[in-house]
file start-v1.csv (CSV, C-alpha atoms)
chain,number,residue,atom,x,y,z
A,585,MET,CA,45.2,38.3,53.3
A,586,ASN,CA,43.3,40.9,55.2
A,587,SER,CA,39.6,40.6,55.3
A,588,LYS,CA,37.2,43.4,54.9
A,589,ARG,CA,33.5,44.1,54.6
A,590,ILE,CA,32.4,43.7,51.0
A,591,ARG,CA,29.3,44.0,49.0
A,592,LEU,CA,28.5,40.5,47.8
A,593,TRP,CA,24.9,40.0,46.7
A,594,ASP,CA,23.1,42.9,45.0
A,595,LEU,CA,19.5,43.8,46.0
A,596,PRO,CA,17.9,42.3,42.8
A,597,THR,CA,19.7,39.0,43.4
A,598,ARG,CA,18.5,38.9,47.0
A,599,LEU,CA,15.0,39.8,46.2
A,600,PHE,CA,15.0,37.2,43.5
A,601,HIS,CA,16.3,34.6,45.9
A,602,TRP,CA,13.7,35.2,48.6
A,603,SER,CA,10.8,35.5,46.2
A,604,LEU,CA,11.9,32.2,44.7
A,605,VAL,CA,11.9,30.6,48.2
A,606,LEU,CA,8.4,31.7,48.8
A,607,CYS,CA,7.1,30.8,45.4
A,608,VAL,CA,8.7,27.4,45.2
A,609,ALA,CA,7.4,26.6,48.7
A,610,ALA,CA,3.9,27.7,47.6
A,611,ALA,CA,4.1,25.8,44.4
A,612,VAL,CA,5.2,22.5,46.1
A,613,ILE,CA,2.4,22.8,48.7
A,614,SER,CA,-0.4,23.8,46.2
A,615,GLY,CA,0.7,21.1,43.9
A,616,GLN,CA,0.6,18.4,46.6
A,617,VAL,CA,-2.8,19.6,48.0
A,618,GLY,CA,-4.4,20.0,44.6
A,619,GLY,CA,-8.2,20.5,44.5
A,620,LYS,CA,-9.1,24.1,44.2
A,621,TRP,CA,-5.4,25.0,44.8
A,622,ILE,CA,-4.3,23.6,41.5
A,623,ASP,CA,-5.3,26.9,39.8
A,624,TRP,CA,-3.1,28.8,42.2
A,625,HIS,CA,-0.3,26.3,41.4
A,626,GLY,CA,-0.6,27.4,37.8
A,627,LYS,CA,-0.5,31.1,38.7
A,628,ILE,CA,2.5,30.6,41.0
A,629,GLY,CA,4.2,28.7,38.2
A,630,LEU,CA,3.9,31.8,36.0
A,631,ALA,CA,5.4,33.9,38.8
A,632,ILE,CA,8.3,31.5,38.9
A,633,VAL,CA,8.7,31.8,35.1
A,634,GLY,CA,9.2,35.5,35.7
A,635,LEU,CA,11.7,35.0,38.5
A,636,VAL,CA,13.8,32.4,36.7
A,637,ALA,CA,13.8,34.5,33.5
A,638,PHE,CA,14.9,37.5,35.5
A,639,ARG,CA,17.7,35.5,37.1
A,640,LEU,CA,18.9,34.3,33.7
A,641,ALA,CA,19.1,37.8,32.4
A,642,TRP,CA,20.7,39.0,35.6
A,643,GLY,CA,23.3,36.2,35.2
A,644,LEU,CA,24.5,38.2,32.2
A,645,LEU,CA,23.7,41.8,33.2
A,646,GLY,CA,23.9,41.7,37.0
A,647,SER,CA,26.7,42.7,39.3
A,648,THR,CA,29.9,40.8,39.7
A,649,TYR,CA,28.9,37.8,41.8
A,650,ALA,CA,25.5,37.4,40.2
A,651,ARG,CA,27.1,36.7,36.8
A,652,PHE,CA,27.1,33.2,35.6
A,653,ALA,CA,30.6,33.6,34.0
A,654,GLN,CA,32.0,34.6,37.4
A,655,PHE,CA,31.0,31.3,39.1
A,656,PHE,CA,30.5,28.9,36.2
A,657,PRO,CA,31.6,25.5,37.6
A,658,THR,CA,34.3,24.5,35.1
A,659,PRO,CA,36.0,21.1,35.8
A,660,GLY,CA,39.2,23.0,36.6
A,661,ARG,CA,37.5,25.2,39.2
A,662,ILE,CA,35.8,22.2,40.8
A,663,LYS,CA,39.0,20.3,40.9
A,664,ALA,CA,40.8,23.3,42.5
A,665,TYR,CA,38.0,23.6,45.0
A,666,LEU,CA,38.0,20.0,46.0
A,667,SER,CA,41.8,20.1,46.6
A,668,GLY,CA,41.5,23.2,48.7
A,669,GLN,CA,43.1,25.5,46.1
A,670,TRP,CA,40.1,27.6,45.2
A,671,ARG,CA,40.1,31.2,46.4
A,672,GLY,CA,37.3,33.5,45.6
A,673,GLU,CA,34.1,35.2,46.6
A,674,GLY,CA,30.5,34.4,45.8
A,675,HIS,CA,29.3,31.0,44.8
A,676,ASN,CA,32.1,28.4,45.2
A,677,PRO,CA,32.3,25.8,42.4
A,678,LEU,CA,30.2,23.2,44.3
A,679,GLY,CA,27.7,25.8,45.2
A,680,ALA,CA,27.6,26.9,41.6
A,681,LEU,CA,26.7,23.3,40.6
A,682,SER,CA,23.8,23.6,43.0
A,683,VAL,CA,22.7,26.9,41.5
A,684,PHE,CA,22.7,25.6,38.0
A,685,GLY,CA,21.2,22.3,39.1
A,686,LEU,CA,18.3,24.1,40.8
A,687,LEU,CA,17.8,26.5,37.9
A,688,GLY,CA,17.9,23.6,35.5
A,689,VAL,CA,15.4,21.5,37.3
A,690,LEU,CA,13.2,24.5,37.9
A,691,GLY,CA,13.4,25.3,34.2
A,692,VAL,CA,12.2,21.8,33.2
A,693,GLN,CA,9.5,22.0,35.8
A,694,LEU,CA,8.3,25.3,34.3
A,695,LEU,CA,8.3,24.0,30.7
A,696,THR,CA,6.6,20.7,31.6
A,697,GLY,CA,4.1,22.5,34.0
A,698,LEU,CA,3.1,24.9,31.3
A,699,VAL,CA,1.9,22.1,29.1
A,700,ALA,CA,0.7,19.7,31.9
A,701,ASN,CA,-2.8,18.5,32.8
A,702,ASP,CA,-4.0,16.8,35.9
A,703,ASP,CA,-6.6,14.6,34.3
A,704,ILE,CA,-9.3,16.5,36.2
A,705,ALA,CA,-10.0,20.0,35.2
A,706,PHE,CA,-6.6,21.7,35.0
A,707,ARG,CA,-4.5,22.4,31.9
A,708,GLY,CA,-1.4,24.4,31.7
A,709,PRO,CA,-1.7,27.6,29.6
A,710,LEU,CA,0.4,26.1,26.8
A,711,TYR,CA,-1.3,22.7,26.8
A,712,ASP,CA,-2.7,23.2,23.3
A,713,LEU,CA,0.8,23.5,21.9
A,714,VAL,CA,1.7,19.9,22.6
A,715,GLY,CA,-1.6,18.0,22.6
A,716,ASN,CA,-2.9,15.3,25.0
A,717,ASP,CA,-0.4,12.6,24.6
A,718,TRP,CA,2.7,14.7,25.2
A,719,SER,CA,0.9,16.6,27.9
A,720,ASN,CA,0.3,13.3,29.7
A,721,ARG,CA,4.0,12.2,29.3
A,722,LEU,CA,5.3,15.6,30.4
A,723,SER,CA,2.9,15.7,33.4
A,724,GLY,CA,4.4,12.4,34.5
A,725,LEU,CA,7.9,14.0,34.3
A,726,HIS,CA,6.6,17.1,36.2
A,727,HIS,CA,5.5,14.8,39.0
A,728,LEU,CA,8.8,13.0,39.1
A,729,LEU,CA,11.0,16.0,39.0
A,730,ALA,CA,9.1,17.6,41.8
A,731,ASN,CA,10.8,15.1,44.1
A,732,VAL,CA,14.2,15.9,42.6
A,733,LEU,CA,13.6,19.6,43.2
A,734,ILE,CA,12.7,19.0,46.8
A,735,ALA,CA,15.8,16.8,47.2
A,736,LEU,CA,18.0,19.6,45.7
A,737,VAL,CA,16.4,22.1,48.1
A,738,VAL,CA,17.1,19.9,51.0
A,739,LEU,CA,20.7,19.5,49.8
A,740,HIS,CA,21.0,23.2,49.5
A,741,LEU,CA,19.8,23.7,53.1
A,742,ALA,CA,22.1,20.9,54.4
A,743,ALA,CA,25.0,22.5,52.6
A,744,ILE,CA,24.3,25.9,54.3
A,745,ALA,CA,24.1,24.2,57.7
A,746,PHE,CA,27.3,22.3,57.0
A,747,TYR,CA,29.2,25.5,56.0
A,748,GLY,CA,27.8,27.3,59.1
A,749,HIS,CA,28.6,24.6,61.7
A,750,VAL,CA,31.6,22.8,60.3
A,751,LYS,CA,33.4,25.3,58.1
A,752,LYS,CA,32.3,28.3,60.2
A,753,LYS,CA,31.1,30.3,57.2
A,754,LYS,CA,27.9,32.1,57.6
A,755,LEU,CA,26.2,32.0,54.2
A,756,LEU,CA,22.8,33.2,55.3
A,757,LYS,CA,23.6,36.7,56.4
A,758,PRO,CA,25.1,38.0,53.1
A,759,MET,CA,22.0,36.7,51.3
A,760,LEU,CA,19.9,38.8,53.7
A,761,THR,CA,21.9,42.0,54.0
A,762,GLY,CA,24.0,41.8,50.8
A,763,TRP,CA,27.2,42.4,52.9
A,764,LYS,CA,29.9,39.9,53.8
A,765,ASP,CA,32.0,40.9,56.8
A,766,ASP,CA,35.1,38.8,56.3
A,767,GLY,CA,35.5,39.2,52.5
A,768,GLU,CA,38.7,38.7,50.8
A,769,GLY,CA,37.8,39.9,47.3
A,770,GLU,CA,36.4,43.1,45.9
A,771,SER,CA,32.9,44.5,46.3
A,772,ALA,CA,30.5,43.7,43.5
A,773,THR,CA,30.1,46.3,40.8
A,774,GLY,CA,27.8,46.6,37.8
A,775,GLY,CA,24.2,45.7,37.4
A,776,GLY,CA,22.9,49.3,37.3
A,777,ILE,CA,19.4,50.6,36.7
A,778,VAL,CA,19.6,50.0,32.9
A,779,ALA,CA,20.5,46.4,33.4
A,780,LEU,CA,17.7,46.0,35.9
A,781,VAL,CA,15.1,47.4,33.5
A,782,VAL,CA,16.3,45.2,30.7
A,783,ALA,CA,16.2,42.1,33.0
A,784,LEU,CA,12.7,43.0,34.2
A,785,LEU,CA,11.5,43.5,30.7
A,786,PHE,CA,12.9,40.2,29.7
A,787,ALA,CA,11.1,38.6,32.7
A,788,ALA,CA,7.8,40.3,31.8
A,789,ALA,CA,8.1,39.0,28.2
A,790,ALA,CA,8.8,35.5,29.5
A,791,VAL,CA,5.6,35.6,31.7
A,792,TYR,CA,3.6,36.8,28.8
A,793,GLY,CA,4.9,34.0,26.6
A,794,ALA,CA,4.2,31.4,29.2
A,795,SER,CA,0.7,32.7,29.9
A,796,GLY,CA,-0.4,31.6,26.5
A,797,ALA,CA,-2.2,35.0,26.1
A,798,TRP,CA,-0.7,35.2,22.6
A,799,LEU,CA,-2.2,31.9,21.5
A,800,PRO,CA,-5.0,32.3,19.0
A,801,GLU,CA,-8.2,32.6,20.9
A,802,PRO,CA,-10.4,29.6,20.5
A,803,PRO,CA,-12.8,30.7,17.9
A,804,PRO,CA,-15.9,32.1,19.6
A,805,PRO,CA,-18.6,29.5,19.3
A,806,PRO,CA,-20.1,30.4,16.0
A,807,PRO,CA,-23.9,30.3,15.9
A,808,ALA,CA,-23.4,27.6,13.2
A,809,ALA,CA,-21.9,25.2,15.8
A,810,GLU,CA,-25.3,24.9,17.4
A,811,THR,CA,-25.8,21.4,18.9
A,812,PRO,CA,-29.0,19.6,19.6
A,813,SER,CA,-30.9,20.8,22.7
A,814,TRP,CA,-30.9,17.3,24.3
B,1194,MET,CA,-35.9,-32.2,16.2
B,1195,LYS,CA,-32.2,-31.9,15.8
B,1196,SER,CA,-32.6,-28.2,14.8
B,1197,LYS,CA,-34.7,-27.6,17.8
B,1198,LEU,CA,-32.0,-29.0,20.0
B,1199,LEU,CA,-29.4,-26.8,18.3
B,1200,LEU,CA,-31.6,-23.8,18.8
B,1201,SER,CA,-32.1,-24.3,22.5
B,1202,LEU,CA,-28.3,-24.9,22.8
B,1203,LEU,CA,-27.7,-21.6,21.0
B,1204,ALA,CA,-30.2,-19.9,23.2
B,1205,ALA,CA,-28.5,-21.2,26.3
B,1206,THR,CA,-25.1,-20.1,25.1
B,1207,LEU,CA,-26.4,-16.6,24.4
B,1208,ALA,CA,-28.1,-16.4,27.8
B,1209,SER,CA,-25.0,-17.4,29.7
B,1210,SER,CA,-22.9,-14.9,27.7
B,1211,ALA,CA,-25.3,-12.2,28.6
B,1212,MET,CA,-24.9,-13.0,32.2
B,1213,ALA,CA,-21.2,-13.2,32.0
B,1214,GLN,CA,-18.9,-10.4,33.1
B,1215,VAL,CA,-18.0,-7.8,30.6
B,1216,LYS,CA,-14.8,-8.7,28.7
B,1217,PRO,CA,-11.6,-7.2,30.2
B,1218,GLU,CA,-10.9,-5.1,27.1
B,1219,ASP,CA,-14.4,-3.7,27.2
B,1220,ALA,CA,-14.2,-3.1,31.0
B,1221,ILE,CA,-11.2,-1.0,30.4
B,1222,LYS,CA,-12.9,0.9,27.6
B,1223,PHE,CA,-16.0,1.6,29.8
B,1224,ARG,CA,-13.8,2.8,32.6
B,1225,GLN,CA,-11.9,5.2,30.3
B,1226,SER,CA,-15.1,6.4,28.8
B,1227,GLY,CA,-16.6,7.1,32.2
B,1228,TYR,CA,-13.6,9.2,33.3
B,1229,GLY,CA,-13.4,10.9,30.0
B,1230,PHE,CA,-17.0,11.8,30.1
B,1231,MET,CA,-16.6,13.1,33.7
B,1232,ALA,CA,-13.6,15.2,32.6
B,1233,TRP,CA,-15.9,16.9,30.0
B,1234,ASN,CA,-18.4,17.7,32.8
B,1235,MET,CA,-15.7,18.8,35.2
B,1236,GLY,CA,-14.5,21.2,32.6
B,1237,ARG,CA,-18.0,22.5,32.0
B,1238,ILE,CA,-18.5,23.3,35.6
B,1239,LYS,CA,-15.2,25.0,35.8
B,1240,MET,CA,-15.9,27.1,32.8
B,1241,ASN,CA,-19.1,28.3,34.3
B,1242,VAL,CA,-17.4,29.2,37.6
B,1243,GLU,CA,-14.5,31.0,35.9
B,1244,GLY,CA,-16.2,32.6,32.9
B,1245,GLY,CA,-18.2,35.1,34.8
B,1246,ASN,CA,-21.4,34.1,33.2
B,1247,PHE,CA,-22.6,31.3,35.4
B,1248,ASN,CA,-25.3,29.2,33.8
B,1249,LYS,CA,-27.1,27.3,36.5
B,1250,GLU,CA,-28.8,24.8,34.1
B,1251,GLU,CA,-25.5,23.8,32.5
B,1252,VAL,CA,-23.9,23.3,35.8
B,1253,ILE,CA,-26.8,21.1,37.0
B,1254,LYS,CA,-26.6,19.0,33.9
B,1255,ALA,CA,-22.8,18.5,34.3
B,1256,ALA,CA,-23.0,17.8,38.0
B,1257,ASN,CA,-25.8,15.3,37.6
B,1258,ALA,CA,-23.8,13.5,34.9
B,1259,ILE,CA,-20.9,13.2,37.2
B,1260,GLN,CA,-23.1,12.0,40.1
B,1261,ALA,CA,-24.7,9.4,37.9
B,1262,ILE,CA,-21.3,7.9,36.8
B,1263,ALA,CA,-20.0,8.1,40.4
B,1264,ASN,CA,-22.9,6.1,41.6
B,1265,SER,CA,-22.9,3.6,38.7
B,1266,GLY,CA,-20.8,1.1,40.6
B,1267,MET,CA,-17.8,1.4,38.4
B,1268,GLY,CA,-15.9,-0.9,40.7
B,1269,ALA,CA,-17.6,-3.7,38.7
B,1270,LEU,CA,-15.3,-2.8,35.8
B,1271,TYR,CA,-12.2,-3.4,37.8
B,1272,LEU,CA,-11.9,-7.1,37.0
B,1273,PRO,CA,-8.9,-8.8,38.5
B,1274,GLY,CA,-5.9,-8.5,36.1
B,1275,THR,CA,-7.1,-5.4,34.3
B,1276,ASP,CA,-4.2,-3.4,35.6
B,1277,LYS,CA,-2.8,-4.4,32.3
B,1278,GLY,CA,-4.5,-4.2,28.9
B,1279,LYS,CA,-5.8,-1.8,26.4
B,1280,GLY,CA,-9.1,-0.1,26.1
B,1281,TRP,CA,-9.2,3.1,24.1
B,1282,GLU,CA,-5.6,3.3,25.2
B,1283,GLU,CA,-3.3,1.4,27.5
B,1284,THR,CA,-4.8,1.4,31.0
B,1285,ARG,CA,-3.2,3.4,33.7
B,1286,ALA,CA,-4.8,1.5,36.5
B,1287,LYS,CA,-2.2,0.5,39.0
B,1288,SER,CA,-2.1,-3.0,40.5
B,1289,ASN,CA,-2.5,-1.7,44.1
B,1290,ILE,CA,-6.1,-1.0,43.3
B,1291,TRP,CA,-6.7,-4.6,44.0
B,1292,THR,CA,-4.3,-5.0,46.9
B,1293,ASP,CA,-4.6,-1.8,48.9
B,1294,LYS,CA,-8.3,-2.4,49.2
B,1295,GLU,CA,-8.9,-0.3,52.3
B,1296,LYS,CA,-7.3,2.9,51.0
B,1297,MET,CA,-8.9,2.4,47.5
B,1298,GLY,CA,-12.3,1.9,49.1
B,1299,LYS,CA,-11.8,5.1,51.0
B,1300,VAL,CA,-10.8,7.3,48.0
B,1301,ALA,CA,-13.7,5.8,46.0
B,1302,THR,CA,-16.2,6.5,48.8
B,1303,ASP,CA,-14.8,10.1,49.2
B,1304,PHE,CA,-15.3,10.6,45.5
B,1305,VAL,CA,-18.9,9.4,45.5
B,1306,ARG,CA,-19.7,11.5,48.5
B,1307,GLU,CA,-18.3,14.7,47.0
B,1308,ALA,CA,-20.0,13.9,43.6
B,1309,ASN,CA,-23.3,13.7,45.4
B,1310,GLU,CA,-22.6,16.9,47.2
B,1311,MET,CA,-21.7,18.5,43.9
B,1312,ALA,CA,-25.1,17.7,42.5
B,1313,LYS,CA,-26.7,19.1,45.6
B,1314,VAL,CA,-24.7,22.3,45.5
B,1315,ALA,CA,-25.3,22.7,41.7
B,1316,ALA,CA,-29.1,22.6,42.3
B,1317,GLY,CA,-28.6,25.5,44.8
B,1318,GLY,CA,-27.2,27.6,41.9
B,1319,ASP,CA,-24.7,29.6,43.9
B,1320,ALA,CA,-21.6,30.1,41.8
B,1321,ALA,CA,-19.2,30.6,44.7
B,1322,ALA,CA,-20.5,27.5,46.4
B,1323,VAL,CA,-20.2,25.5,43.2
B,1324,GLY,CA,-16.6,26.7,42.7
B,1325,ASN,CA,-15.8,25.6,46.2
B,1326,GLN,CA,-17.4,22.2,45.8
B,1327,LEU,CA,-15.6,21.7,42.5
B,1328,GLY,CA,-12.4,22.2,44.4
B,1329,LYS,CA,-13.4,19.5,46.9
B,1330,LEU,CA,-14.5,17.2,44.2
B,1331,SER,CA,-11.3,17.6,42.2
B,1332,GLY,CA,-9.4,16.9,45.4
B,1333,THR,CA,-11.0,13.5,45.6
B,1334,CYS,CA,-10.1,12.8,42.0
B,1335,LYS,CA,-6.5,13.6,42.8
B,1336,GLY,CA,-6.7,11.4,45.9
B,1337,CYS,CA,-7.1,8.4,43.6
B,1338,HIS,CA,-4.8,9.6,40.8
B,1339,ASP,CA,-1.9,10.2,43.2
B,1340,ASP,CA,-1.8,6.6,44.4
B,1341,PHE,CA,-3.7,4.4,42.0
B,1342,LYS,CA,-3.2,5.9,38.5
B,1343,ALA,CA,0.1,5.4,36.8
B,1344,LYS,CA,2.0,8.4,35.5
B,1345,ARG,CA,3.1,8.3,32.0
call {"tool": "encode", "arguments": {"input": "start-v1.csv", "output": "structure tokens"}}
result
Amino acid sequence: MNSKRIRLWDLPTRLFHWSLVLCVAAAVISGQVGGKWIDWHGKIGLAIVGLVAFRLAWGLLGSTYARFAQFFPTPGRIKAYLSGQWRGEGHNPLGALSVFGLLGVLGVQLLTGLVANDDIAFRGPLYDLVGNDWSNRLSGLHHLLANVLIALVVLHLAAIAFYGHVKKKKLLKPMLTGWKDDGEGESATGGGIVALVVALLFAAAAVYGASGAWLPEPPPPPPAAETPSW
Amino acid sequence: MKSKLLLSLLAATLASSAMAQVKPEDAIKFRQSGYGFMAWNMGRIKMNVEGGNFNKEEVIKAANAIQAIANSGMGALYLPGTDKGKGWEETRAKSNIWTDKEKMGKVATDFVREANEMAKVAAGGDAAAVGNQLGKLSGTCKGCHDDFKAKR
């Protein structure tokens, strides 16, 4: 097969990816440091809600290789890949497992983080939806899964290094430029401006939902609720 | 005569029980009450820093309450074996509180120091400084929670 330069990752996918890198790094650090950074941790979490929601929409509406159906790791595809039979562009079936694994763990981190508390002075914006008992339990899960997330990121980086050094496939450059020099498939198509706008609207709606801005305002302290002056 | 003896025996029993250590179950309750009460006051300070209408008096009350609890010698409530047991709820104190003494001592001292500083800064009445010190103080809470408080 003759190889040619193909368009692999569209711009929204790449912007999503690198924004996620920055935000997850910032979330991990701010979460570990705590103190006054915990409020930033919450804000960064909301940003990641937007990013992940965008990616979910883009997995349906985006261009060829950004679509979940294109790289969904079915058992058949994984088997074919492991026995060297798989041919294709974009995420290979094992890489696809990593993509869904990362998105899945991130998703749980977002949901648990939104209702978490730190037993100090931080509560996630949706804390009131679940109450204290569940918040405590889910905060525990949030702490635990942070380690799983870090492990998945390390695996992701190790896999890129493995492909670069052992299999001689440069995965980094296409994620930066969008182009793959020795492609064997077709350039990506689809994911036009309308799809982008829809995905962005979906992301904005997700951030709004996660922010808890829609929750009924705690009733303004009525003058009747006056408490003793001591 | 007999009743007098009985009375003095009773008095002696009462006196010795008053001297005795607090019961484990109560110790756990008092601990949890202390942290819960501090949480209320941490939230109060935070609200004043974030809300845009900083009420110096409120912050001073809250900071003084935290300082008082921090300096109350809560270590006395950490009776050996009370990493298990139920106060208001099941305790989340981890057993390394009693074994990793050096580190535990350090996080406790850090906390008391920042709580004292919090009271000082609160008296100054500068909202930005209060916010900053609240961050430092929360950091010392976390310092203990990370290693010595069980996750659920």
call {"tool": "atom_distance", "arguments": {"input": "start-v1.csv", "atom1": "atom CA of Asp765 of chain A", "atom2": "atom CA of Ser603 of chain A"}}
result
24.3 Å
call {"tool": "interface_residues", "arguments": {"input": "start-v1.csv", "of": "chain B", "to": "chain A", "cutoff": "6 Å", "atoms": "only C-alpha atoms", "output": "list in words"}}
result
Ala1232, Met1235, Gly1236, Gly1328, Lys1329, Ser1331, Gly1332, Lys1344 and Arg1345 of chain B
call {"tool": "atom_distance", "arguments": {"input": "start-v1.csv", "atom1": "atom CA of Phe1230 of chain B", "atom2": "atom CA of Gln1260 of chain B"}}
result
11.7 Å
call {"tool": "residues_near_point", "arguments": {"input": "start-v1.csv", "point": "(-14.7, -0.2, 34.4)", "cutoff": "7 Å", "atoms": "all atoms listed in the file", "output": "list in words"}}
result
Ala1220, Ile1221, Phe1223, Arg1224, Met1267, Gly1268, Ala1269, Leu1270 and Tyr1271 of chain B
call {"tool": "atom_distance", "arguments": {"input": "start-v1.csv", "atom1": "atom CA of Gly1266 of chain B", "atom2": "atom CA of Ala1308 of chain B"}}
result
13.2 Å
call {"tool": "residues_around", "arguments": {"input": "start-v1.csv", "residues": "Met1240 of chain B", "least_positions_apart": "3", "cutoff": "12 Å", "atoms": "only C-alpha atoms", "output": "PyMOL selection string"}}
result
(chain A and resi 705-706) or (chain B and resi 1233-1237+1243-1249+1251-1252+1255+1320+1323-1324+1327)
call {"tool": "residues_around", "arguments": {"input": "start-v1.csv", "residues": "Arg671 of chain A", "least_positions_apart": "6", "cutoff": "9 Å", "atoms": "only C-alpha atoms", "output": "PDB file with C-alpha atoms, keeping the file's coordinate frame"}}
result
ATOM      1  CA  ALA A 664      40.800  23.300  42.500  1.00  0.00           C
ATOM      2  CA  TYR A 665      38.000  23.600  45.000  1.00  0.00           C
ATOM      3  CA  GLU A 768      38.700  38.700  50.800  1.00  0.00           C
TER       4      GLU A 768
END
call {"tool": "residues_around", "arguments": {"input": "start-v1.csv", "residues": "segment 741-752 of chain A", "least_positions_apart": "4", "cutoff": "12 Å", "atoms": "all atoms listed in the file", "output": "count of residues only"}}
result
14
call {"tool": "axis_aligned_box", "arguments": {"input": "start-v1.csv", "around": "segment 1244-1262 of chain B", "padding_each_side": "4 Å", "output": "AutoDock Vina command-line options"}}
result
--center_x -22.5 --center_y 21.5 --center_z 36.3 --size_x 20.6 --size_y 35.2 --size_z 15.6
call {"tool": "closest_residue", "arguments": {"input": "start-v1.csv", "among": "A:Leu755, A:Ile613, A:Val608, A:Leu644", "to": "Gln693 of chain A", "atoms": "all atoms listed in the file"}}
result
A:Val608
call {"tool": "residues_around", "arguments": {"input": "start-v1.csv", "residues": "segment 1273-1289 of chain B", "least_positions_apart": "2", "cutoff": "6 Å", "atoms": "only C-alpha atoms", "output": "tab-separated table (two decimals) with C-alpha atoms, in the coordinates of the input"}}
result
chain	number	residue	atom	x	y	z
B	1218	GLU	CA	-10.90	-5.10	27.10
B	1221	ILE	CA	-11.20	-1.00	30.40
B	1222	LYS	CA	-12.90	0.90	27.60
B	1291	TRP	CA	-6.70	-4.60	44.00
B	1292	THR	CA	-4.30	-5.00	46.90
B	1293	ASP	CA	-4.60	-1.80	48.90
B	1341	PHE	CA	-3.70	4.40	42.00
B	1342	LYS	CA	-3.20	5.90	38.50
B	1343	ALA	CA	0.10	5.40	36.80
call {"tool": "residues_around", "arguments": {"input": "start-v1.csv", "residues": "Lys627 of chain A", "least_positions_apart": "5", "cutoff": "12 Å", "atoms": "only C-alpha atoms", "output": "PyMOL selection string"}}
result
chain A and resi 607-608+610-611+614-615+621-622+632-634+694+697-698+706-709+791+794-795
call {"tool": "closest_residue", "arguments": {"input": "start-v1.csv", "among": "A:Val689, A:Leu630, A:Leu785, A:Leu695", "to": "Leu713 of chain A", "atoms": "all atoms listed in the file"}}
result
A:Leu695
